[in-house]
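Inspection log for the structure reproduced underneath, given as structure tokens.
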Protein chains: 2
Amino acid sequence: MSDTVKYLLDESRIPKHWYNIVADLPTPPPAVLHPGTLEPVGPGDLAPLFPMSLIMQEVATEREIEIPEPVRDVYKQWRVTPMYRARRLEKALDTPARIYYKYEGVSPAGSHKPNTAVAQAFYNKEEGVKRLATETGAGQWGSSLAFAGGVFGLEVQVFMVRVSYNQKPYRRALMESWGASCVASPSDQTAAGRAILAKRPDHPGSLGIAISEAVEVAAQRDDTKYALGSVLNHVLLHQTVIGLEALEQFELANDYPDVVVGCTGGGSNFAGTAFPFIGRNLREGKKTRIVAVEPAACPSITRGTYAYDFGDTAHLTPLTKMHTLGSTFTPPGFHAGGLRYHGMAPLVSHCARLGLMEATAYHQLSCFEAGLTFAKAEGIMPAPEANHAVKGAIVEALKCKEEGTSRAILFNLCGHGHFDMQAYIDYTAGKLVDQDYDEGELAMALSGLPSVPE
Amino acid sequence: MSDTVKYLLDESRIPKHWYNIVADLPTPPPAVLHPGTLEPVGPGDLAPLFPMSLIMQEVATEREIEIPEPVRDVYKQWRVTPMYRARRLEKALDTPARIYYKYEGVSPAGSHKPNTAVAQAFYNKEEGVKRLATETGAGQWGSSLAFAGGVFGLEVQVFMVRVSYNQKPYRRALMESWGASCVASPSDQTAAGRAILAKRPDHPGSLGIAISEAVEVAAQRDDTKYALGSVLNHVLLHQTVIGLEALEQFELANDYPDVVVGCTGGGSNFAGTAFPFIGRNLREGKKTRIVAVEPAACPSITRGTYAYDFGDTAHLTPLTKMHTLGSTFTPPGFHAGGLRYHGMAPLVSHCARLGLMEATAYHQLSCFEAGLTFAKAEGIMPAPEANHAVKGAIVEALKCKEEGTSRAILFNLCGHGHFDMQAYIDYTAGKLVDQDYDEGELAMALSGLPSVPE
């Protein structure tokens, strides 16, 4: 039997619609609230930050939302992304499980992030926006928006979490090569950044802080809008091309997943992979288990509270109900920069609340170990974020081995690790450790949650 | 009209045969000579270094050589590689040219090198070899052989040119992640390495020296063979999948290249792309211009002598007739480590001699400039080696603009630059310079060519 099994679809099979899970949920997600009035926000409240077409997607309830042709056209450069059967990994694990993975690292920026970056850049361009401001952690999102801005002729300003800015000069160079400007956050370019630097000049930054800075810039400049790489409904929506393609690829494989595994930071690659399968569970009575894997050092679903909270540190964003560790929570250092966010996408949180999915958390050392096992077998170096999904899939595959059962497992390998080799060098040299978050800090962060009457 | 034009073929269209240009050449290439006797070498002379199946490919004269199914099976992971029409680059250059590029960076190692690494690992495994020794410059070849060795269960030992070993720890980590061992060359593990270190302990290394070390190890150990990433006939043969696929993709495009451009170090990615088109020129009277682009600091075709020379510095290899700068030539520092070889593949040299192709040389600054123009337009960061092909293609496209003519230009984007971002950072910071080779050193190296009667 062939060792390499790749399920290819030609570009005519790039989905023509994104999938909106809201249409299939038994109860609608809680309203987004204005932080001052605590009343549900209307489209007008978000207009300073986003173009109207994205705001309408944020509140959309129809199941299918058309993908504009110019967006599909850019997708064509790397989509349909391959889905592989991981036969060499199955052999290495000696498991009866059938392991499949969707590989999003084939995009120009090397991750799933361009799926939404391209869409966001397109809609902003359509509405006459000249400039986008955004934040980035490890740089996957910033580089993706830089790429998309370049394609559509938009200026892009990226606030990059300082610790990543220093650790990952190559992702910064990638953004700059594509024409974006990139500053370390907290920066002196915003009031939010200056306030934090005044208290702690060497602050390592966080996604929450970087979001505050980007939102502030967008709110203050007429020609500038804000772009977010995860968390929001429209971002998750754009990522559903991953799961929709996988559904078609499983038809080619004449198989269907018993388990779908994704790593979760803000939740978008997970949702993009899993939501189309949750939709099948809900509409067709399929029984696919949906497993979110989060870092044990920043475990918003498994250890956070489900409550209204701010998306950022400076409290400039609306309030959304989500699994959160508190907007002031700063996780200990670990290498999956893209998973260091205090909250979980409201739609993913809602699905977790409804019992439509499970969540589990692993420490980084076991994730790196899993990633190297995968790399040796399959020949692709995963990003540290993606290692969490690999770990989750391996755990499921080893369960199959224990039970002597063959189940089909799908995971999303959301990005390659070409810009993360230092993390592998440090791991191999024994320099990485597993750090838990501080329980006292978590309690403190949670005690600061905004008070919202039921 | 669509901006993204990708010519896809499904995996059933991966070539079933490699193309051997020797069958179509008007005169056969000169014999390979034993360095002691100056008599043509026989298969037995090469047996300590290579498995017999590769030796037979080295001297094969039939036009088509079957690709074993296990090799095609591994190719399936990333092949057929995409061929793109570079419309956004055409717009950026405002040229009437039709620019196409084949993209080999989608392989696990990020370049064209796995095309031959996988084949070589397979044939060695078939003949019971346990261990492969090889050299690598920038690390593209070493990482590719590490990947292929992992797939087929062979140990791989890589001698990495010291300057690259120090400059590119991430490629080294990639090799090690795939299970290979990697040492800086010159090393103390071989007599050749120790002899050079004795004269100059801080020697930066060269491909010629690293080849000597790997050949020495292979010659001395029964379980170990040698693998070369370029130059040899069988390596060029394996790379012809690139051009063969492109021929089919041009049928999809309903077009045919007027010019084919490739960068040349040892010559394998160039030959892999160009030879199938040279074959069409020879067999069918097509008039495609074939252009090799080499670095001005190491210009073996444009400035070297066509003569018998050694492939390595320690003079352990047979003598081949090729364009050479002399086996002791050390080029000045420049960033395209994969193009720093003193000789040119004998088959490419022979084609140049027969007037079947042209060659031109550019300095690195203009190549980086071209690479960034390409990256901004097309969204892919090229390897510094590939920038030479980009530069050559842009020169041809701008000629079209000057002349007001539309010609079809194909170039091979042989690898991505994800592990070369420091070079881009240095270029952007103005830290790179154009260095010419030393004329005195070239004269000295050429004066040391072995004396072989006509």
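Quick note on naming: the chains in the structure tokens go A, B, ... in the order shown, residues restart at 1 in each chain, and ligands are numbered from 1 in order of appearance.
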Contact residues (chain B, partner chain A, 6 Å, only C-alpha atoms) as a list in words: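 Using only C-alpha atoms, chain B residues at most 6 Å from chain A: Thr4, Asp73, Pro108, Tyr170, Trp178, Lys376, Gly379, Ile380 and Met421 of chain B.
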For Pro346 of chain B: contacts at 9 Å, only C-alpha atoms, fewer than 3 positions along chain excluded, given as a list in words: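 The contact residues come out as Pro29, Pro30, Val231, Leu232, Asn233, Gly267, Thr320, Lys321, Met322, His323, Gly343, Ser349, His350 and Cys351 of chain B.
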Could the residues in this selection be saved with N, CA, C and O atoms as an mmCIF file, in the first residue's frame?
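Output (part_33.cif):
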data_model
loop_
_atom_site.group_PDB
_atom_site.id
_atom_site.type_symbol
_atom_site.label_atom_id
_atom_site.label_comp_id
_atom_site.auth_asym_id
_atom_site.auth_seq_id
_atom_site.Cartn_x
_atom_site.Cartn_y
_atom_site.Cartn_z
ATOM 1 N N PRO B 29 28.835 13.433 -24.173
ATOM 2 C CA PRO B 29 29.735 14.171 -23.286
ATOM 3 C C PRO B 29 31.070 13.440 -23.149
ATOM 4 O O PRO B 29 31.130 12.220 -23.310
ATOM 5 N N PRO B 30 32.143 14.184 -22.895
ATOM 6 C CA PRO B 30 33.465 13.563 -22.740
ATOM 7 C C PRO B 30 33.468 12.528 -21.610
ATOM 8 O O PRO B 30 32.693 12.636 -20.665
ATOM 9 N N VAL B 231 25.659 18.325 -9.765
ATOM 10 C CA VAL B 231 26.817 18.080 -10.627
ATOM 11 C C VAL B 231 26.751 16.777 -11.442
ATOM 12 O O VAL B 231 26.920 16.812 -12.667
ATOM 13 N N LEU B 232 26.490 15.653 -10.788
ATOM 14 C CA LEU B 232 26.571 14.370 -11.483
ATOM 15 C C LEU B 232 25.368 14.150 -12.399
ATOM 16 O O LEU B 232 24.282 14.671 -12.170
ATOM 17 N N ASN B 233 25.589 13.319 -13.421
ATOM 18 C CA ASN B 233 24.532 13.051 -14.400
ATOM 19 C C ASN B 233 23.254 12.524 -13.758
ATOM 20 O O ASN B 233 22.152 12.926 -14.128
ATOM 21 N N GLY B 267 24.438 23.051 -10.918
ATOM 22 C CA GLY B 267 23.730 22.914 -12.183
ATOM 23 C C GLY B 267 22.476 22.060 -12.174
ATOM 24 O O GLY B 267 21.809 21.954 -13.209
ATOM 25 N N THR B 320 36.401 15.119 -14.355
ATOM 26 C CA THR B 320 35.344 15.326 -15.346
ATOM 27 C C THR B 320 35.656 16.600 -16.113
ATOM 28 O O THR B 320 36.251 17.541 -15.578
ATOM 29 N N LYS B 321 35.240 16.602 -17.392
ATOM 30 C CA LYS B 321 35.450 17.800 -18.198
ATOM 31 C C LYS B 321 34.285 18.745 -17.937
ATOM 32 O O LYS B 321 33.120 18.377 -18.112
ATOM 33 N N MET B 322 34.618 19.924 -17.489
ATOM 34 C CA MET B 322 33.548 20.865 -17.097
ATOM 35 C C MET B 322 34.084 22.293 -17.100
ATOM 36 O O MET B 322 35.291 22.519 -17.135
ATOM 37 N N HIS B 323 33.156 23.237 -17.088
ATOM 38 C CA HIS B 323 33.547 24.612 -16.821
ATOM 39 C C HIS B 323 33.960 24.692 -15.366
ATOM 40 O O HIS B 323 33.204 24.324 -14.480
ATOM 41 N N GLY B 343 32.950 24.262 -9.872
ATOM 42 C CA GLY B 343 32.721 23.668 -11.192
ATOM 43 C C GLY B 343 31.277 23.736 -11.607
ATOM 44 O O GLY B 343 30.408 24.134 -10.837
ATOM 45 N N SER B 349 27.896 21.884 -18.719
ATOM 46 C CA SER B 349 29.076 22.454 -19.391
ATOM 47 C C SER B 349 29.107 22.029 -20.862
ATOM 48 O O SER B 349 29.397 22.840 -21.750
ATOM 49 N N HIS B 350 28.795 20.767 -21.093
ATOM 50 C CA HIS B 350 28.785 20.229 -22.455
ATOM 51 C C HIS B 350 27.717 20.939 -23.297
ATOM 52 O O HIS B 350 27.967 21.321 -24.454
ATOM 53 N N CYS B 351 26.549 21.149 -22.718
ATOM 54 C CA CYS B 351 25.477 21.864 -23.434
ATOM 55 C C CYS B 351 25.900 23.297 -23.760
ATOM 56 O O CYS B 351 25.594 23.818 -24.841
#
Straight-line distance linking atom CA of Gln57 of chain A with atom CA of His234 of chain A, stated in Å to one decimal: 5.5 Å
Neighbour list for segment 196-202 of chain A as an MDAnalysis selection string, cut-off 12 Å, only C-alpha atoms, skip fewer than 4 positions in-chain: chainID A and resid 161:163 184:192 206 208:210 212:213 313:314 328
Those of segment 396-436 of chain A in DSSP helix (DSSP H, G or I), formatted as an NGL selection string: :A and (396-403 or 421-428)
Strand (DSSP E) positions in segment 217-428 of chain B, given as a ChimeraX atom specification: /B:224-226,259-263,289-295,305-310,319-324,358-362,408-413
Residue with smallest distance to His238 of chain A - pool A:Pro68, A:Gly139, A:Pro204, A:Pro382, counting only C-alpha atoms: A:Pro68
Residues within 8 Å of Gly137 of chain A, only C-alpha atoms, excluding chain neighbours under 5 positions, as an MDAnalysis selection string: chainID A and resid 160:161 164 206:207 337:338 340
Who sits within 6 Å of segment 395-397 of chain A, only C-alpha atoms, same chain under 3 positions skipped, as a list in words: Ala97, Gly392 and Cys400 of chain A
Any chance you could export the current selection's N, CA, C and O atoms as a PDB file, in the first residue's frame?
ATOM      1  N   ALA A  97      -5.207   3.434  14.488  1.00  0.00           N
ATOM      2  CA  ALA A  97      -5.956   4.643  14.132  1.00  0.00           C
ATOM      3  C   ALA A  97      -5.636   5.062  12.697  1.00  0.00           C
ATOM      4  O   ALA A  97      -4.555   4.804  12.183  1.00  0.00           O
ATOM      5  N   GLY A 392      -2.472  16.314  20.645  1.00  0.00           N
ATOM      6  CA  GLY A 392      -3.840  15.844  20.858  1.00  0.00           C
ATOM      7  C   GLY A 392      -4.174  14.657  19.968  1.00  0.00           C
ATOM      8  O   GLY A 392      -4.801  13.683  20.399  1.00  0.00           O
ATOM      9  N   CYS A 400      -6.523   4.584  20.712  1.00  0.00           N
ATOM     10  CA  CYS A 400      -6.979   3.552  19.769  1.00  0.00           C
ATOM     11  C   CYS A 400      -6.133   2.291  19.915  1.00  0.00           C
ATOM     12  O   CYS A 400      -6.635   1.171  19.872  1.00  0.00           O
TER      13      CYS A 400
END
Neighbour list for Ile99 of chain B as a PyMOL selection string, cut-off 7 Å, only C-alpha atoms, skip fewer than 2 positions in-chain: chain B and resi 85-86+90+97+101+408-410
How about saving the chosen residues, all heavy atoms kept, as a PDB file, in the first residue's frame?
ATOM      1  N   ARG B  85       1.466  31.561 -13.248  1.00  0.00           N
ATOM      2  CA  ARG B  85       1.674  32.738 -14.060  1.00  0.00           C
ATOM      3  C   ARG B  85       1.831  33.902 -13.085  1.00  0.00           C
ATOM      4  O   ARG B  85       0.964  34.128 -12.231  1.00  0.00           O
ATOM      5  CB  ARG B  85       0.446  32.952 -14.960  1.00  0.00           C
ATOM      6  CG  ARG B  85       0.423  34.254 -15.733  1.00  0.00           C
ATOM      7  CD  ARG B  85       1.206  34.189 -17.020  1.00  0.00           C
ATOM      8  NE  ARG B  85       1.184  35.481 -17.697  1.00  0.00           N
ATOM      9  CZ  ARG B  85       0.324  35.834 -18.643  1.00  0.00           C
ATOM     10  NH1 ARG B  85      -0.591  34.973 -19.072  1.00  0.00           N
ATOM     11  NH2 ARG B  85       0.362  37.036 -19.202  1.00  0.00           N
ATOM     12  N   ALA B  86       2.929  34.658 -13.207  1.00  0.00           N
ATOM     13  CA  ALA B  86       3.249  35.723 -12.242  1.00  0.00           C
ATOM     14  C   ALA B  86       2.593  37.038 -12.664  1.00  0.00           C
ATOM     15  O   ALA B  86       3.279  38.013 -12.966  1.00  0.00           O
ATOM     16  CB  ALA B  86       4.760  35.871 -12.102  1.00  0.00           C
ATOM     17  N   GLU B  90       4.167  40.726 -13.303  1.00  0.00           N
ATOM     18  CA  GLU B  90       4.078  41.374 -14.626  1.00  0.00           C
ATOM     19  C   GLU B  90       3.553  42.806 -14.487  1.00  0.00           C
ATOM     20  O   GLU B  90       4.076  43.734 -15.098  1.00  0.00           O
ATOM     21  CB  GLU B  90       3.143  40.572 -15.547  1.00  0.00           C
ATOM     22  CG  GLU B  90       3.698  39.206 -15.955  1.00  0.00           C
ATOM     23  CD  GLU B  90       2.633  38.337 -16.633  1.00  0.00           C
ATOM     24  OE1 GLU B  90       1.577  38.859 -17.052  1.00  0.00           O
ATOM     25  OE2 GLU B  90       2.859  37.105 -16.736  1.00  0.00           O
ATOM     26  N   ALA B  97       5.563  40.901 -21.099  1.00  0.00           N
ATOM     27  CA  ALA B  97       6.013  39.509 -21.030  1.00  0.00           C
ATOM     28  C   ALA B  97       5.007  38.666 -20.254  1.00  0.00           C
ATOM     29  O   ALA B  97       4.299  39.157 -19.384  1.00  0.00           O
ATOM     30  CB  ALA B  97       7.378  39.437 -20.336  1.00  0.00           C
ATOM     31  N   TYR B 101       6.396  30.774 -13.382  1.00  0.00           N
ATOM     32  CA  TYR B 101       7.437  30.154 -12.563  1.00  0.00           C
ATOM     33  C   TYR B 101       6.941  28.845 -11.960  1.00  0.00           C
ATOM     34  O   TYR B 101       5.787  28.689 -11.610  1.00  0.00           O
ATOM     35  CB  TYR B 101       7.965  31.085 -11.467  1.00  0.00           C
ATOM     36  CG  TYR B 101       6.968  31.536 -10.427  1.00  0.00           C
ATOM     37  CD1 TYR B 101       6.907  30.925  -9.183  1.00  0.00           C
ATOM     38  CD2 TYR B 101       6.116  32.607 -10.676  1.00  0.00           C
ATOM     39  CE1 TYR B 101       5.999  31.353  -8.214  1.00  0.00           C
ATOM     40  CE2 TYR B 101       5.212  33.030  -9.724  1.00  0.00           C
ATOM     41  CZ  TYR B 101       5.152  32.403  -8.502  1.00  0.00           C
ATOM     42  OH  TYR B 101       4.255  32.820  -7.550  1.00  0.00           O
ATOM     43  N   ALA B 408       7.004  34.559 -23.641  1.00  0.00           N
ATOM     44  CA  ALA B 408       6.735  33.707 -22.477  1.00  0.00           C
ATOM     45  C   ALA B 408       8.061  33.326 -21.831  1.00  0.00           C
ATOM     46  O   ALA B 408       8.958  32.798 -22.495  1.00  0.00           O
ATOM     47  CB  ALA B 408       5.968  32.458 -22.879  1.00  0.00           C
ATOM     48  N   ILE B 409       8.187  33.637 -20.542  1.00  0.00           N
ATOM     49  CA  ILE B 409       9.416  33.379 -19.790  1.00  0.00           C
ATOM     50  C   ILE B 409       9.087  32.391 -18.668  1.00  0.00           C
ATOM     51  O   ILE B 409       8.157  32.626 -17.894  1.00  0.00           O
ATOM     52  CB  ILE B 409       9.953  34.685 -19.161  1.00  0.00           C
ATOM     53  CG1 ILE B 409      10.248  35.709 -20.259  1.00  0.00           C
ATOM     54  CG2 ILE B 409      11.185  34.408 -18.303  1.00  0.00           C
ATOM     55  CD1 ILE B 409      10.391  37.136 -19.738  1.00  0.00           C
ATOM     56  N   LEU B 410       9.836  31.322 -18.602  1.00  0.00           N
ATOM     57  CA  LEU B 410       9.689  30.386 -17.475  1.00  0.00           C
ATOM     58  C   LEU B 410      10.945  30.448 -16.626  1.00  0.00           C
ATOM     59  O   LEU B 410      12.055  30.415 -17.158  1.00  0.00           O
ATOM     60  CB  LEU B 410       9.519  28.941 -17.979  1.00  0.00           C
ATOM     61  CG  LEU B 410       9.680  27.846 -16.900  1.00  0.00           C
ATOM     62  CD1 LEU B 410       8.540  27.889 -15.883  1.00  0.00           C
ATOM     63  CD2 LEU B 410       9.767  26.452 -17.549  1.00  0.00           C
TER      64      LEU B 410
END
Length of the atom CA of Met175 of chain A to atom CA of Ser143 of chain A vector [Å]: 4.7 Å
Nearby residues (only C-alpha atoms) at most 8 Å from Val41 of chain A, same-chain spacing under 3 positions excluded, as an NGL selection string: :A and (31-34 or 44-46 or 318)
N, CA and C atoms of the current selection, written as a PDB file, in the first residue's frame:
ATOM      1  N   ALA A  31     -25.285  38.165  23.383  1.00  0.00           N
ATOM      2  CA  ALA A  31     -25.037  39.443  22.707  1.00  0.00           C
ATOM      3  C   ALA A  31     -23.670  40.005  23.086  1.00  0.00           C
ATOM      4  N   VAL A  32     -23.128  40.817  22.207  1.00  0.00           N
ATOM      5  CA  VAL A  32     -21.914  41.593  22.497  1.00  0.00           C
ATOM      6  C   VAL A  32     -22.379  42.907  23.127  1.00  0.00           C
ATOM      7  N   LEU A  33     -21.730  43.306  24.223  1.00  0.00           N
ATOM      8  CA  LEU A  33     -22.212  44.481  24.965  1.00  0.00           C
ATOM      9  C   LEU A  33     -21.277  45.684  24.833  1.00  0.00           C
ATOM     10  N   HIS A  34     -21.892  46.851  24.822  1.00  0.00           N
ATOM     11  CA  HIS A  34     -21.120  48.089  24.878  1.00  0.00           C
ATOM     12  C   HIS A  34     -20.518  48.220  26.282  1.00  0.00           C
ATOM     13  N   GLY A  44     -23.335  50.244  14.207  1.00  0.00           N
ATOM     14  CA  GLY A  44     -22.725  51.575  14.228  1.00  0.00           C
ATOM     15  C   GLY A  44     -21.620  51.686  15.263  1.00  0.00           C
ATOM     16  N   ASP A  45     -21.768  50.961  16.376  1.00  0.00           N
ATOM     17  CA  ASP A  45     -20.746  51.023  17.427  1.00  0.00           C
ATOM     18  C   ASP A  45     -19.406  50.478  16.941  1.00  0.00           C
ATOM     19  N   LEU A  46     -19.465  49.531  16.005  1.00  0.00           N
ATOM     20  CA  LEU A  46     -18.227  48.897  15.537  1.00  0.00           C
ATOM     21  C   LEU A  46     -17.645  49.584  14.301  1.00  0.00           C
ATOM     22  N   PRO A 318     -15.485  46.103  22.947  1.00  0.00           N
ATOM     23  CA  PRO A 318     -16.771  45.710  23.542  1.00  0.00           C
ATOM     24  C   PRO A 318     -16.583  44.502  24.452  1.00  0.00           C
TER      25      PRO A 318
END
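When only C-alpha atoms are used to measure the gap to Glu155 of chain A, the shortest distance among A:Thr224, A:Thr95, A:Thr136, A:Thr302 belongs to A:Thr224.
Taking atom CA of Ala60 of chain A and atom CA of Ala119 of chain A as endpoints, the distance between them is 15.8 Å.
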